[in-house]
Amino acid sequence: MQKNLPRYHQLTIGQIAARTGLAVSAIRFYEERGLIVAGRNSGGQRRFARADIRRLSFIMIAQQMGFSLEHIKKALAPIPLHKAPTKSQWNKLARNFRTDLDERIEALTRLRDKLEGCIGCGCLSLDTCALYNPDDTAAKRGPGPRLIIDK
């Protein structure tokens with residue numbers, strides 16, 4: 001963060017924590033991982049831009065949806081630190097995440113639809129799984145519950 005930003009554009013780590021609901025330690029954790037970068041005031045205290053509230057909120061939501069920090073960091077990389085993203089930047093990020101979310105929704109739907117009858121690996125009930133996996137053909141597709149995790 002530039003030191004010459006007006007004071008009202010700079011937020012303390014406590015203010016960011018209060019606005020996002022994150023613990024101060026979580027904010028420091030995200031900073032250590034390079035997801036956000038704090039500026040420093042003349043006394044060496046962390047200072048954040050108001051745009052960092054949006055960035056941290058996105059990180060929280062994406063993590064709750066099961067995305068890794070590396071995935072989130074890569075998605076946020078084109079968006080400048082300490083600045084609100086442009087509409088174009090945000091739309092691109094949203095499109096990329098939409099693709100990932102659609103894939104996860106498809107996988108969860110397959111799991112939901114097949115879980116009651118068979119976990120998809122052929123080991124729970126040979127009588128039932130003979131309908132889904134006759135002669136254990138799923139084994140040719142690799143280890144694990146292939147009928148669930150494969151498209």
# chains A, B, ... in the order shown; residues from 1 in each chain; ligands from 1
>>> select_by_dssp(residues="chain A", states="strand (DSSP E)", output="list in words")
Gln10, Leu11, Gly39, Arg40, Arg46, Arg47, Phe48 and Ala49 of chain A
>>> residues_around(residues="segment 20-22 of chain A", least_positions_apart="6", cutoff="8 Å", atoms="only C-alpha atoms", output="ChimeraX atom specification")
/A:53,56-57
>>> atom_distance(atom1="atom CA of Asp113 of chain A", atom2="atom CA of Ala62 of chain A")
25.0 Å
>>> atom_distance(atom1="atom CA of Arg95 of chain A", atom2="atom CA of Phe58 of chain A")
14.2 Å
>>> residues_around(residues="segment 29-45 of chain A", least_positions_apart="2", cutoff="6 Å", atoms="only C-alpha atoms", output="number ranges by chain")
A: 1, 26-27, 47-48, 73
>>> write_last_selection(atoms="N, CA and C atoms", output="PDB file, in the first residue's frame")
ATOM      1  N   MET A   1       0.850  -1.162   0.000  1.00  0.00           N
ATOM      2  CA  MET A   1       0.000   0.000   0.000  1.00  0.00           C
ATOM      3  C   MET A   1       0.901   1.232   0.000  1.00  0.00           C
ATOM      4  N   ALA A  26      -6.415 -14.929  11.300  1.00  0.00           N
ATOM      5  CA  ALA A  26      -6.761 -15.408   9.954  1.00  0.00           C
ATOM      6  C   ALA A  26      -6.299 -14.407   8.896  1.00  0.00           C
ATOM      7  N   ILE A  27      -6.455 -13.135   9.181  1.00  0.00           N
ATOM      8  CA  ILE A  27      -5.994 -12.111   8.240  1.00  0.00           C
ATOM      9  C   ILE A  27      -4.486 -12.198   8.070  1.00  0.00           C
ATOM     10  N   ARG A  47      -1.683  -1.673   7.486  1.00  0.00           N
ATOM     11  CA  ARG A  47      -2.805  -0.882   7.000  1.00  0.00           C
ATOM     12  C   ARG A  47      -3.327  -1.542   5.733  1.00  0.00           C
ATOM     13  N   PHE A  48      -4.652  -1.577   5.620  1.00  0.00           N
ATOM     14  CA  PHE A  48      -5.304  -2.228   4.493  1.00  0.00           C
ATOM     15  C   PHE A  48      -6.187  -1.231   3.766  1.00  0.00           C
ATOM     16  N   LYS A  73      -5.806 -18.005  -4.749  1.00  0.00           N
ATOM     17  CA  LYS A  73      -4.715 -17.063  -5.021  1.00  0.00           C
ATOM     18  C   LYS A  73      -4.523 -16.881  -6.527  1.00  0.00           C
TER      19      LYS A  73
END
>>> atom_distance(atom1="atom CA of Ile148 of chain A", atom2="atom CA of Leu111 of chain A")
5.6 Å
>>> residues_around(residues="Leu76 of chain A", least_positions_apart="2", cutoff="10 Å", atoms="only C-alpha atoms", output="VMD selection string")
chain A and resid 35 to 36 55 58 to 59 70 to 74 78 to 81 85 89 to 90 93
>>> select_by_dssp(residues="segment 18-142 of chain A", states="alpha helix (DSSP H)", output="PyMOL selection string")
chain A and resi 18-20+24-32+51-64+69-76+87-115+126-132
>>> closest_residue(among="A:Ala77, A:Ala17, A:Ile149, A:Leu101", to="Lys114 of chain A", atoms="only C-alpha atoms")
A:Ile149
